[in-house]
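**Q** Pasting upload38.txt here (compact mmCIF, C-alpha atoms):
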```txt
# COMPACT_ATOMS: atom_id res chain seq x y z
CA MET A 1 22.61 1.12 44.24
CA MET A 2 21.96 -2.24 45.87
CA ARG A 3 18.25 -1.63 45.74
CA ARG A 4 18.39 -0.79 42.06
CA LEU A 5 20.35 -3.93 41.41
CA ALA A 6 17.83 -5.95 43.40
CA ILE A 7 14.93 -4.48 41.41
CA PHE A 8 16.74 -5.16 38.14
CA LEU A 9 17.44 -8.75 39.14
CA LEU A 10 13.82 -9.19 40.15
CA ILE A 11 12.61 -7.92 36.77
CA VAL A 12 14.99 -10.28 34.99
CA ALA A 13 13.87 -13.15 37.18
CA VAL A 14 10.13 -12.73 36.57
CA SER A 15 10.26 -11.89 32.86
CA GLY A 16 9.81 -14.96 30.72
CA PRO A 17 11.46 -15.78 27.42
CA LEU A 18 10.31 -13.73 24.46
CA HIS A 19 8.38 -16.43 22.64
CA ALA A 20 6.38 -17.73 25.60
CA GLN A 21 3.21 -15.93 24.74
CA SER A 22 0.50 -18.02 26.27
CA ARG A 23 0.13 -18.55 29.97
CA MET A 24 -0.05 -22.29 29.68
CA PRO A 25 2.72 -24.48 31.03
CA GLU A 26 4.90 -26.12 28.41
CA SER A 27 3.93 -29.54 27.09
CA GLU A 28 5.16 -32.46 29.13
CA TRP A 29 7.65 -33.72 26.57
CA ALA A 30 8.73 -30.37 25.15
CA ASN A 31 11.96 -30.18 27.11
CA ARG A 32 12.14 -33.56 28.79
CA GLN A 33 14.05 -36.45 27.34
CA LEU A 34 12.46 -39.81 26.80
CA PRO A 35 13.60 -42.38 29.37
CA ASP A 36 14.68 -44.76 26.60
CA ALA A 37 17.99 -43.46 25.23
CA THR A 38 17.55 -45.06 21.80
CA GLN A 39 14.12 -43.51 21.40
CA GLU A 40 15.41 -40.12 22.56
CA ALA A 41 18.22 -40.32 19.99
CA GLU A 42 15.66 -41.09 17.27
CA ALA A 43 13.45 -38.23 18.42
CA LYS A 44 16.38 -35.83 18.55
CA GLU A 45 17.51 -36.72 15.05
CA LEU A 46 14.00 -36.15 13.74
CA MET A 47 13.55 -32.86 15.63
CA GLU A 48 16.78 -31.52 14.19
CA SER A 49 15.50 -32.05 10.67
CA LEU A 50 12.07 -30.48 11.16
CA ARG A 51 11.62 -26.79 10.57
CA CYS A 52 10.02 -24.52 13.13
CA LEU A 53 6.85 -22.88 11.83
CA VAL A 54 7.20 -19.77 13.96
CA CYS A 55 10.90 -18.91 13.89
CA GLN A 56 11.44 -20.08 10.36
CA GLY A 57 15.01 -21.06 9.60
CA GLN A 58 15.48 -22.84 12.91
CA SER A 59 14.81 -26.47 13.56
CA ILE A 60 12.26 -27.36 16.21
CA ALA A 61 15.14 -28.74 18.27
CA ASP A 62 16.70 -25.27 18.42
CA SER A 63 13.62 -23.16 18.93
CA ASP A 64 11.98 -22.00 22.12
CA ALA A 65 8.77 -20.95 20.39
CA GLU A 66 5.74 -22.58 21.96
CA MET A 67 4.73 -24.19 18.71
CA ALA A 68 8.19 -25.75 18.36
CA MET A 69 7.90 -27.05 21.92
CA ASP A 70 4.52 -28.56 21.11
CA MET A 71 6.02 -30.13 18.00
CA ARG A 72 8.85 -31.61 20.05
CA ALA A 73 6.28 -32.98 22.47
CA LEU A 74 4.38 -34.49 19.54
CA VAL A 75 7.53 -36.09 18.14
CA ARG A 76 8.52 -37.57 21.51
CA ARG A 77 5.00 -38.83 22.27
CA ARG A 78 4.80 -40.57 18.92
CA ILE A 79 8.29 -42.06 19.09
CA ALA A 80 7.48 -43.32 22.59
CA ALA A 81 4.30 -44.87 21.16
CA GLY A 82 6.49 -46.81 18.74
CA GLU A 83 5.96 -44.78 15.58
CA GLU A 84 8.74 -44.66 12.97
CA PRO A 85 10.47 -41.26 12.54
CA ASP A 86 9.81 -41.33 8.80
CA ASP A 87 6.08 -41.84 9.39
CA ILE A 88 6.00 -38.83 11.72
CA ARG A 89 7.88 -36.77 9.16
CA ASN A 90 5.46 -37.83 6.42
CA TRP A 91 2.52 -37.02 8.66
CA LEU A 92 3.83 -33.46 9.00
CA VAL A 93 4.71 -33.18 5.30
CA ASP A 94 1.12 -34.19 4.48
CA ARG A 95 -0.02 -31.18 6.49
CA TYR A 96 2.60 -28.51 5.91
CA GLY A 97 4.21 -29.59 2.68
CA ARG A 98 7.86 -30.36 2.06
CA TRP A 99 8.67 -27.01 3.57
CA ILE A 100 8.55 -28.53 7.05
CA THR A 101 11.43 -30.92 6.50
CA TYR A 102 15.14 -30.13 6.18
CA ASP A 103 15.60 -33.57 4.67
CA PRO A 104 13.59 -33.37 1.46
CA PRO A 105 12.60 -36.65 -0.20
CA ILE A 106 13.71 -37.30 -3.78
CA ASP A 107 10.82 -36.58 -6.14
CA SER A 108 10.06 -34.84 -9.42
CA VAL A 109 10.90 -31.40 -8.00
CA THR A 110 13.84 -32.12 -5.71
CA TRP A 111 15.90 -34.58 -7.76
CA PRO A 112 18.31 -31.89 -9.05
CA LEU A 113 19.30 -31.25 -5.42
CA TRP A 114 20.63 -34.78 -5.21
CA LEU A 115 21.82 -35.32 -8.75
CA LEU A 116 23.52 -31.98 -9.38
CA PRO A 117 26.32 -32.34 -6.81
CA ILE A 118 27.19 -35.77 -8.27
CA LEU A 119 27.19 -34.35 -11.81
CA LEU A 120 29.30 -31.35 -10.79
CA LEU A 121 31.77 -33.56 -8.96
CA GLY A 122 31.99 -35.79 -12.02
CA ALA A 123 32.60 -32.76 -14.26
CA GLY A 124 35.28 -31.53 -11.87
CA ILE A 125 37.09 -34.84 -11.88
CA TRP A 126 36.87 -34.97 -15.67
CA LEU A 127 38.37 -31.47 -15.99
CA ALA A 128 41.10 -32.18 -13.46
CA ARG A 129 41.97 -35.43 -15.17
CA GLY A 130 42.48 -33.60 -18.47
CA ARG A 131 44.83 -31.11 -16.82
CA PHE A 132 46.87 -33.73 -14.99
CA ARG A 133 47.23 -35.78 -18.12
CA ARG A 134 48.47 -32.79 -20.10
CA ARG A 135 50.91 -31.85 -17.36
CA GLY A 136 52.20 -35.42 -17.38
CA LYS A 137 52.88 -35.11 -21.12
CA GLU A 138 54.69 -31.79 -20.76
CA ASN A 139 57.10 -33.21 -18.24
CA MET B 1 47.70 -35.50 -27.99
CA SER B 2 46.93 -35.83 -31.66
CA THR B 3 48.77 -35.47 -34.89
CA GLU B 4 45.87 -33.90 -36.74
CA PRO B 5 45.73 -30.10 -36.29
CA ALA B 6 41.95 -30.03 -36.91
CA ILE B 7 41.29 -31.96 -33.72
CA ASP B 8 43.69 -29.70 -31.81
CA LYS B 9 41.71 -26.71 -32.93
CA GLN B 10 38.55 -28.41 -31.82
CA THR B 11 39.93 -29.15 -28.33
CA ALA B 12 41.13 -25.54 -28.05
CA ALA B 13 37.62 -24.29 -28.82
CA MET B 14 36.22 -26.77 -26.34
CA LYS B 15 38.65 -25.53 -23.70
CA ARG B 16 37.65 -21.94 -24.28
CA PHE B 17 34.01 -22.93 -23.95
CA ILE B 18 34.65 -24.81 -20.72
CA LEU B 19 36.30 -21.73 -19.23
CA TRP B 20 32.95 -19.99 -19.35
CA VAL B 21 31.03 -22.76 -17.63
CA PRO B 22 31.87 -21.80 -14.03
CA LEU B 23 30.89 -18.20 -14.74
CA ALA B 24 27.59 -19.34 -16.23
CA ILE B 25 26.88 -21.51 -13.20
CA ALA B 26 27.73 -18.61 -10.87
CA ALA B 27 25.46 -16.29 -12.89
CA ILE B 28 22.57 -18.73 -12.63
CA PHE B 29 23.22 -19.09 -8.91
CA PHE B 30 23.27 -15.38 -8.18
CA GLY B 31 20.39 -14.79 -10.55
CA PHE B 32 18.39 -17.21 -8.43
CA PHE B 33 19.34 -15.35 -5.23
CA ALA B 34 18.49 -11.98 -6.77
CA TYR B 35 15.15 -13.29 -7.94
CA ALA B 36 14.25 -14.65 -4.51
CA LEU B 37 15.44 -11.44 -2.86
CA TYR B 38 13.65 -8.94 -5.07
CA PHE B 39 10.77 -10.78 -6.66
CA GLY B 40 9.99 -13.53 -4.18
CA ASN B 41 6.37 -13.36 -3.08
CA SER B 42 7.27 -13.01 0.55
CA SER B 43 10.18 -12.06 2.73
CA PRO B 44 12.54 -14.90 3.46
CA GLN B 45 12.11 -14.20 7.16
CA GLN B 46 8.48 -15.13 7.47
CA ARG B 47 6.09 -16.66 5.02
CA ALA B 48 2.62 -18.02 5.43
CA ILE B 49 2.63 -21.80 5.34
CA GLU B 50 -0.57 -22.99 3.78
CA SER B 51 -2.17 -26.16 5.01
CA GLN B 52 -1.95 -29.02 2.52
CA LEU B 53 -5.31 -30.25 3.76
CA VAL B 54 -7.43 -27.75 1.84
CA GLY B 55 -9.65 -29.97 -0.31
CA GLU B 56 -9.24 -32.89 2.09
CA PRO B 57 -11.61 -34.16 4.75
CA MET B 58 -11.17 -32.79 8.25
CA PRO B 59 -8.52 -34.83 10.09
CA GLU B 60 -9.67 -36.54 13.22
CA PHE B 61 -9.36 -34.69 16.50
CA SER B 62 -11.32 -34.51 19.71
CA LEU B 63 -11.04 -31.58 22.07
CA GLU B 64 -12.38 -31.04 25.57
CA PRO B 65 -14.59 -28.00 26.13
CA SER B 66 -12.61 -24.83 26.63
CA LEU B 67 -15.37 -23.20 28.68
CA PRO B 68 -17.69 -24.84 31.21
CA GLY B 69 -21.21 -25.03 29.80
CA ARG B 70 -20.01 -24.81 26.19
CA PRO B 71 -19.52 -28.01 24.17
CA GLY B 72 -16.02 -29.01 23.10
CA LEU B 73 -15.19 -29.87 19.51
CA ASN B 74 -14.74 -33.10 17.55
CA SER B 75 -13.95 -33.32 13.87
CA ALA B 76 -17.34 -35.06 13.41
CA ASP B 77 -19.09 -31.95 14.78
CA LEU B 78 -17.98 -30.03 11.70
CA ALA B 79 -19.83 -32.15 9.13
CA THR B 80 -23.29 -30.75 9.77
CA GLY B 81 -24.68 -30.54 6.25
CA GLU B 82 -24.04 -26.82 5.99
CA PRO B 83 -20.77 -24.93 5.54
CA ARG B 84 -19.26 -23.40 8.64
CA LEU B 85 -16.18 -21.63 9.93
CA LEU B 86 -13.55 -23.10 12.20
CA ASN B 87 -11.59 -20.33 13.86
CA PHE B 88 -8.25 -20.84 15.64
CA PHE B 89 -7.83 -18.14 18.24
CA ALA B 90 -6.24 -17.44 21.62
CA SER B 91 -6.77 -14.88 24.33
CA TRP B 92 -3.02 -14.09 24.19
CA CYS B 93 -3.15 -13.33 20.47
CA VAL B 94 -3.38 -9.65 19.57
CA PRO B 95 -4.53 -9.99 15.92
CA CYS B 96 -7.39 -12.12 17.27
CA ILE B 97 -8.75 -8.95 18.86
CA ALA B 98 -8.51 -7.21 15.50
CA GLU B 99 -10.62 -9.85 13.76
CA ALA B 100 -13.25 -10.13 16.54
CA PRO B 101 -15.65 -7.54 15.03
CA GLN B 102 -15.51 -9.30 11.64
CA LEU B 103 -16.31 -12.66 13.25
CA MET B 104 -19.25 -11.04 15.05
CA GLN B 105 -20.41 -9.60 11.74
CA LEU B 106 -20.24 -13.04 10.10
CA ARG B 107 -22.10 -14.56 13.06
CA GLU B 108 -24.82 -11.94 12.69
CA ALA B 109 -25.03 -12.78 8.98
CA GLY B 110 -25.98 -16.30 10.08
CA VAL B 111 -22.64 -18.04 9.61
CA PRO B 112 -22.10 -20.85 12.14
CA ILE B 113 -18.66 -20.52 13.74
CA ASP B 114 -16.82 -23.05 15.89
CA ALA B 115 -13.53 -22.35 17.55
CA ILE B 116 -10.35 -23.95 18.77
CA ALA B 117 -8.67 -22.07 21.61
CA VAL B 118 -4.94 -22.66 21.31
CA ARG B 119 -2.93 -23.06 24.53
CA ASP B 120 -5.43 -21.16 26.59
CA ARG B 121 -6.90 -21.17 30.08
CA PRO B 122 -10.69 -21.14 30.57
CA GLU B 123 -10.63 -17.93 32.62
CA ASP B 124 -8.62 -16.13 29.94
CA VAL B 125 -10.89 -17.37 27.15
CA TYR B 126 -13.91 -16.25 29.15
CA ALA B 127 -12.49 -12.77 29.75
CA PHE B 128 -11.47 -12.46 26.08
CA LEU B 129 -14.97 -13.33 24.83
CA GLN B 130 -16.61 -11.04 27.41
CA ARG B 131 -14.52 -8.17 26.21
CA TRP B 132 -14.30 -8.66 22.44
CA GLY B 133 -17.49 -10.57 21.62
CA ASP B 134 -18.45 -14.23 21.47
CA PRO B 135 -19.42 -15.55 18.03
CA TYR B 136 -18.74 -19.22 18.80
CA GLN B 137 -21.04 -22.24 19.04
CA ARG B 138 -18.47 -24.78 20.21
CA ILE B 139 -15.02 -24.15 21.61
CA GLY B 140 -12.44 -26.90 21.86
CA ALA B 141 -9.39 -26.49 24.10
CA ASP B 142 -6.20 -27.28 22.20
CA VAL B 143 -3.88 -27.39 25.17
CA GLN B 144 -0.81 -28.77 23.37
CA SER B 145 -1.53 -27.46 19.83
CA GLU B 146 -2.38 -31.02 18.76
CA ALA B 147 -5.42 -30.11 16.70
CA GLN B 148 -3.55 -27.19 15.23
CA LEU B 149 -0.74 -29.47 14.02
CA ALA B 150 -3.28 -32.03 12.80
CA LEU B 151 -4.87 -29.38 10.57
CA GLY B 152 -1.60 -28.03 9.22
CA SER B 153 -2.22 -24.66 10.80
CA SER B 154 0.83 -22.65 11.80
CA GLY B 155 -0.46 -19.88 14.03
CA VAL B 156 -3.31 -17.83 15.37
CA PRO B 157 -5.57 -16.50 14.13
CA GLU B 158 -6.44 -18.81 11.28
CA THR B 159 -9.85 -19.66 9.91
CA PHE B 160 -10.87 -22.75 7.97
CA ILE B 161 -14.06 -23.05 5.95
CA VAL B 162 -15.56 -26.53 6.16
CA ASP B 163 -18.35 -27.68 3.83
CA GLY B 164 -21.40 -29.69 4.83
CA ASP B 165 -19.53 -33.00 4.40
CA GLY B 166 -16.72 -31.92 6.66
CA VAL B 167 -14.26 -31.23 3.84
CA ILE B 168 -11.90 -28.27 4.29
CA VAL B 169 -12.51 -25.93 1.36
CA HIS B 170 -10.60 -22.79 2.33
CA GLN B 171 -7.98 -21.54 4.73
CA HIS B 172 -7.61 -17.93 5.78
CA ILE B 173 -4.24 -17.20 7.38
CA GLY B 174 -4.05 -14.24 9.73
CA ASP B 175 -6.80 -11.98 11.00
CA ILE B 176 -9.97 -11.50 8.98
CA ARG B 177 -10.04 -7.81 8.12
CA PRO B 178 -13.18 -5.99 6.98
CA GLU B 179 -12.05 -6.31 3.34
CA HIS B 180 -11.80 -10.10 3.71
CA VAL B 181 -15.43 -10.59 4.78
CA PRO B 182 -16.84 -10.67 1.21
CA GLU B 183 -14.38 -13.36 0.11
CA ILE B 184 -15.17 -15.45 3.19
CA LEU B 185 -18.89 -15.15 2.45
CA ALA B 186 -18.27 -16.04 -1.19
CA ALA B 187 -16.26 -19.12 -0.19
CA LEU B 188 -19.08 -20.16 2.15
CA GLU B 189 -21.56 -19.67 -0.69
CA ASN B 190 -19.41 -21.82 -2.99
CA ALA B 191 -19.29 -24.54 -0.36
CA GLN B 192 -23.10 -24.83 -0.30
```
How does the structure come out when it is put into structure tokens?
**A**
Amino acid sequence: MMRRLAIFLLIVAVSGPLHAQSRMPESEWANRQLPDATQEAEAKELMESLRCLVCQGQSIADSDAEMAMDMRALVRRRIAAGEEPDDIRNWLVDRYGRWITYDPPIDSVTWPLWLLPILLLGAGIWLARGRFRRRGKEN
Amino acid sequence: MSTEPAIDKQTAAMKRFILWVPLAIAAIFFGFFAYALYFGNSSPQQRAIESQLVGEPMPEFSLEPSLPGRPGLNSADLATGEPRLLNFFASWCVPCIAEAPQLMQLREAGVPIDAIAVRDRPEDVYAFLQRWGDPYQRIGADVQSEAQLALGSSGVPETFIVDGDGVIVHQHIGDIRPEHVPEILAALENAQ
């Protein structure tokens, strides 16, 4: 029994995470915070709004896929080098399209995303106002 | 609200119309979901993300040699006056084994092929090429996927066709299967 348990624990200990396919060590800045807290906060905010290319639907901040780790390393390296988060985001959008960002810019295709909630809220208020007014009259 | 009955009738009709608006919005919403679910061109789980750089000049990168005795790869190396292939591969990538015979076939047809080895160790690259064939002229080592991200590539294997001026003219996502060889050759021909 003890031996079986020991073997099981050994297997668990030596098996890596599922996504770690290559045998290379992870990039230096994949899972290490930048020493400057402000820069790290900037990097984190950006990483949370960039989509992982491998495990689609997760942000690169949440993913353990190697490509996501390499993207985190890229973000941190560039932030540390003084680049603006928006420039890094645009650099990636230039390569992967808007798909890569969870924070889509307003343009000819995406404007309904931003305008529609405002319009719907306005319509809601207008409807509610009509009801309240009528109720006020009835009383 | 009003003394005139005509206007009251009008507001009543308006009210009845407004009642249908939420349903219409919901129908549009669910229609959109149904469309994406049943007629979307790919599963929502995984879709191929095409590089936006097709048609653009090769972005700048510079990679150390992946194998001793074999030159590494710079973006400038790709503008040679004749079209060529740039293949992203890795020894840890199973579909890369599947496309190896097709790359050898293209090499034998006289197509120059350069490679970028993604997150790979020299000994593993060497063993991979020994076993599955070696169609490559230059092999750059992309240790932290930097070149891959610079090209807008999202996995291995992927193959870019670069024309003589170093402009990316085509991207093939996934392994090159035997049925893809003619279209690769045609794209190379077009890039002449």
**Q** Report the distance between CA of Val21 (chain B) and CA of Phe33 (chain B) in Å, rounded to one decimal place.
**A** 18.6 Å
**Q** Could you list, as an NGL selection string, every residue of chain B that has an atom within 8 Å of an atom of chain A, counting all atoms listed in the file?
**A** :B and (45-46 or 49-53 or 92 or 119-121 or 143-146 or 149-155)
**Q** Could you pull the residues within 8 Å of Asp62 (chain A), counting all atoms listed in the file, minus those fewer than 3 positions along the same chain, as a list in words?
**A**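 Skipping anything fewer than 3 positions along the chain leaves Glu48, Gln58 and Ser59 of chain A.
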**Q** Residues of region 39-151 of chain B that approach region 162-183 of chain B to 8 Å or less, counting all atoms listed in the file: could you list each one with the shortest pair of atoms and its distance in Å to one decimal, rows by chain and increasing residue number, as a Markdown table?
**A**
```
| residue | atom | partner | partner_atom | distance |
| --- | --- | --- | --- | --- |
| B:Ala48 | CA | B:Ile173 | CA | 7.2 |
| B:Glu50 | CA | B:Gln171 | CA | 7.6 |
| B:Ser51 | CA | B:Gln171 | CA | 7.4 |
| B:Leu53 | CA | B:Ile168 | CA | 6.9 |
| B:Val54 | CA | B:Ile168 | CA | 5.1 |
| B:Gly55 | CA | B:Val169 | CA | 5.2 |
| B:Glu56 | CA | B:Val167 | CA | 5.6 |
| B:Pro57 | CA | B:Val167 | CA | 4.1 |
| B:Met58 | CA | B:Val167 | CA | 5.6 |
| B:Ser75 | CA | B:Gly166 | CA | 7.8 |
| B:Ala76 | CA | B:Gly166 | CA | 7.5 |
| B:Leu78 | CA | B:Gly166 | CA | 5.5 |
| B:Ala79 | CA | B:Gly166 | CA | 4.0 |
| B:Thr80 | CA | B:Gly164 | CA | 5.4 |
| B:Gly81 | CA | B:Gly164 | CA | 3.7 |
| B:Glu82 | CA | B:Gly164 | CA | 4.1 |
| B:Pro83 | CA | B:Asp163 | CA | 4.0 |
| B:Arg84 | CA | B:Val162 | CA | 5.4 |
| B:Leu85 | CA | B:Val162 | CA | 6.2 |
| B:Leu86 | CA | B:Val162 | CA | 7.2 |
| B:Pro95 | CA | B:Asp175 | CA | 5.8 |
| B:Cys96 | CA | B:Asp175 | CA | 6.3 |
| B:Ala98 | CA | B:Asp175 | CA | 6.8 |
| B:Glu99 | CA | B:Ile176 | CA | 5.1 |
| B:Gln102 | CA | B:Pro178 | CA | 6.2 |
| B:Leu103 | CA | B:Ile176 | CA | 7.7 |
| B:Leu106 | CA | B:Val181 | CA | 7.6 |
```
**Q** Keeping only C-alpha atoms, write the selected residues as a PDB file, keeping the file's coordinate frame.
**A**
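Result file is again-v7.pdb:
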```pdb
ATOM      1  CA  ALA B  48       2.620 -18.020   5.430  1.00  0.00           C
ATOM      2  CA  GLU B  50      -0.570 -22.990   3.780  1.00  0.00           C
ATOM      3  CA  SER B  51      -2.170 -26.160   5.010  1.00  0.00           C
ATOM      4  CA  LEU B  53      -5.310 -30.250   3.760  1.00  0.00           C
ATOM      5  CA  VAL B  54      -7.430 -27.750   1.840  1.00  0.00           C
ATOM      6  CA  GLY B  55      -9.650 -29.970  -0.310  1.00  0.00           C
ATOM      7  CA  GLU B  56      -9.240 -32.890   2.090  1.00  0.00           C
ATOM      8  CA  PRO B  57     -11.610 -34.160   4.750  1.00  0.00           C
ATOM      9  CA  MET B  58     -11.170 -32.790   8.250  1.00  0.00           C
ATOM     10  CA  SER B  75     -13.950 -33.320  13.870  1.00  0.00           C
ATOM     11  CA  ALA B  76     -17.340 -35.060  13.410  1.00  0.00           C
ATOM     12  CA  LEU B  78     -17.980 -30.030  11.700  1.00  0.00           C
ATOM     13  CA  ALA B  79     -19.830 -32.150   9.130  1.00  0.00           C
ATOM     14  CA  THR B  80     -23.290 -30.750   9.770  1.00  0.00           C
ATOM     15  CA  GLY B  81     -24.680 -30.540   6.250  1.00  0.00           C
ATOM     16  CA  GLU B  82     -24.040 -26.820   5.990  1.00  0.00           C
ATOM     17  CA  PRO B  83     -20.770 -24.930   5.540  1.00  0.00           C
ATOM     18  CA  ARG B  84     -19.260 -23.400   8.640  1.00  0.00           C
ATOM     19  CA  LEU B  85     -16.180 -21.630   9.930  1.00  0.00           C
ATOM     20  CA  LEU B  86     -13.550 -23.100  12.200  1.00  0.00           C
ATOM     21  CA  PRO B  95      -4.530  -9.990  15.920  1.00  0.00           C
ATOM     22  CA  CYS B  96      -7.390 -12.120  17.270  1.00  0.00           C
ATOM     23  CA  ALA B  98      -8.510  -7.210  15.500  1.00  0.00           C
ATOM     24  CA  GLU B  99     -10.620  -9.850  13.760  1.00  0.00           C
ATOM     25  CA  GLN B 102     -15.510  -9.300  11.640  1.00  0.00           C
ATOM     26  CA  LEU B 103     -16.310 -12.660  13.250  1.00  0.00           C
ATOM     27  CA  LEU B 106     -20.240 -13.040  10.100  1.00  0.00           C
TER      28      LEU B 106
END
```
**Q** Excluding Asp114 (chain B) and residues on its chain fewer than 2 positions from it, collect all residues at most 6 Å away from it, counting all atoms listed in the file, and give them as a PDB file with C-alpha atoms, in the coordinates of the input.
**A**
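The new file result_17.pdb reads:
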```pdb
ATOM      1  CA  LEU B  86     -13.550 -23.100  12.200  1.00  0.00           C
ATOM      2  CA  TYR B 136     -18.740 -19.220  18.800  1.00  0.00           C
ATOM      3  CA  GLN B 137     -21.040 -22.240  19.040  1.00  0.00           C
ATOM      4  CA  ARG B 138     -18.470 -24.780  20.210  1.00  0.00           C
TER       5      ARG B 138
END
```
**Q** Suppose you want the space between CA of Ser91 (chain B) and CA of Glu123 (chain B); what is it in Å?
**A**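 Interatomic distance, CA of Ser91 (chain B) to CA of Glu123 (chain B): 9.6 Å.
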**Q** Would you work out the distance separating CA of Asp134 (chain B) from CA of Met104 (chain B), expressed in Å to one decimal?
**A**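 Calculated distance between CA of Asp134 (chain B) and CA of Met104 (chain B) is 7.2 Å.
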**Q** Have a look at A:Ala6, A:Ile118, A:Gly82, A:Lys44 and name the one nearest to Arg32 (chain A); count all atoms listed in the file.
**A**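 That would be A:Lys44, the residue with the smallest distance to Arg32 (chain A).
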**Q** If I only have part of region 73-88 of chain A, can you fill in N, CA and C atoms and write it as a PDB file, in the coordinates of the input?
**A**
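Below is the file that was written, rebuild37.pdb:
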```pdb
ATOM      1  N   ALA A  73       7.093 -32.094  21.626  1.00  0.00           N
ATOM      2  CA  ALA A  73       6.280 -32.980  22.470  1.00  0.00           C
ATOM      3  C   ALA A  73       5.575 -34.018  21.595  1.00  0.00           C
ATOM      4  N   LEU A  74       5.068 -33.563  20.456  1.00  0.00           N
ATOM      5  CA  LEU A  74       4.380 -34.490  19.540  1.00  0.00           C
ATOM      6  C   LEU A  74       5.338 -35.559  19.028  1.00  0.00           C
ATOM      7  N   VAL A  75       6.538 -35.131  18.641  1.00  0.00           N
ATOM      8  CA  VAL A  75       7.530 -36.090  18.140  1.00  0.00           C
ATOM      9  C   VAL A  75       7.861 -37.116  19.228  1.00  0.00           C
ATOM     10  N   ARG A  76       8.127 -36.641  20.448  1.00  0.00           N
ATOM     11  CA  ARG A  76       8.520 -37.570  21.510  1.00  0.00           C
ATOM     12  C   ARG A  76       7.372 -38.512  21.869  1.00  0.00           C
ATOM     13  N   ARG A  77       6.146 -37.972  21.937  1.00  0.00           N
ATOM     14  CA  ARG A  77       5.000 -38.830  22.270  1.00  0.00           C
ATOM     15  C   ARG A  77       4.864 -39.950  21.244  1.00  0.00           C
ATOM     16  N   ARG A  78       5.013 -39.579  19.974  1.00  0.00           N
ATOM     17  CA  ARG A  78       4.800 -40.570  18.920  1.00  0.00           C
ATOM     18  C   ARG A  78       5.928 -41.586  18.846  1.00  0.00           C
ATOM     19  N   ILE A  79       7.153 -41.118  19.051  1.00  0.00           N
ATOM     20  CA  ILE A  79       8.290 -42.060  19.090  1.00  0.00           C
ATOM     21  C   ILE A  79       8.094 -43.026  20.259  1.00  0.00           C
ATOM     22  N   ALA A  80       7.680 -42.474  21.408  1.00  0.00           N
ATOM     23  CA  ALA A  80       7.480 -43.320  22.590  1.00  0.00           C
ATOM     24  C   ALA A  80       6.372 -44.340  22.334  1.00  0.00           C
ATOM     25  N   ALA A  81       5.402 -43.954  21.484  1.00  0.00           N
ATOM     26  CA  ALA A  81       4.300 -44.870  21.160  1.00  0.00           C
ATOM     27  C   ALA A  81       4.721 -45.888  20.108  1.00  0.00           C
ATOM     28  N   GLY A  82       5.967 -45.797  19.656  1.00  0.00           N
ATOM     29  CA  GLY A  82       6.490 -46.810  18.740  1.00  0.00           C
ATOM     30  C   GLY A  82       6.391 -46.443  17.263  1.00  0.00           C
ATOM     31  N   GLU A  83       6.071 -45.171  16.989  1.00  0.00           N
ATOM     32  CA  GLU A  83       5.960 -44.780  15.580  1.00  0.00           C
ATOM     33  C   GLU A  83       7.346 -44.585  14.964  1.00  0.00           C
ATOM     34  N   GLU A  84       7.466 -44.843  13.665  1.00  0.00           N
ATOM     35  CA  GLU A  84       8.740 -44.660  12.970  1.00  0.00           C
ATOM     36  C   GLU A  84       8.955 -43.178  12.684  1.00  0.00           C
ATOM     37  N   PRO A  85      10.196 -42.678  12.829  1.00  0.00           N
ATOM     38  CA  PRO A  85      10.470 -41.260  12.540  1.00  0.00           C
ATOM     39  C   PRO A  85      10.005 -40.844  11.151  1.00  0.00           C
ATOM     40  N   ASP A  86      10.207 -41.703  10.161  1.00  0.00           N
ATOM     41  CA  ASP A  86       9.810 -41.330   8.800  1.00  0.00           C
ATOM     42  C   ASP A  86       8.300 -41.162   8.674  1.00  0.00           C
ATOM     43  N   ASP A  87       7.538 -41.967   9.428  1.00  0.00           N
ATOM     44  CA  ASP A  87       6.080 -41.840   9.390  1.00  0.00           C
ATOM     45  C   ASP A  87       5.646 -40.518   9.999  1.00  0.00           C
ATOM     46  N   ILE A  88       6.324 -40.109  11.079  1.00  0.00           N
ATOM     47  CA  ILE A  88       6.000 -38.830  11.720  1.00  0.00           C
ATOM     48  C   ILE A  88       6.330 -37.680  10.772  1.00  0.00           C
TER      49      ILE A  88
END
```
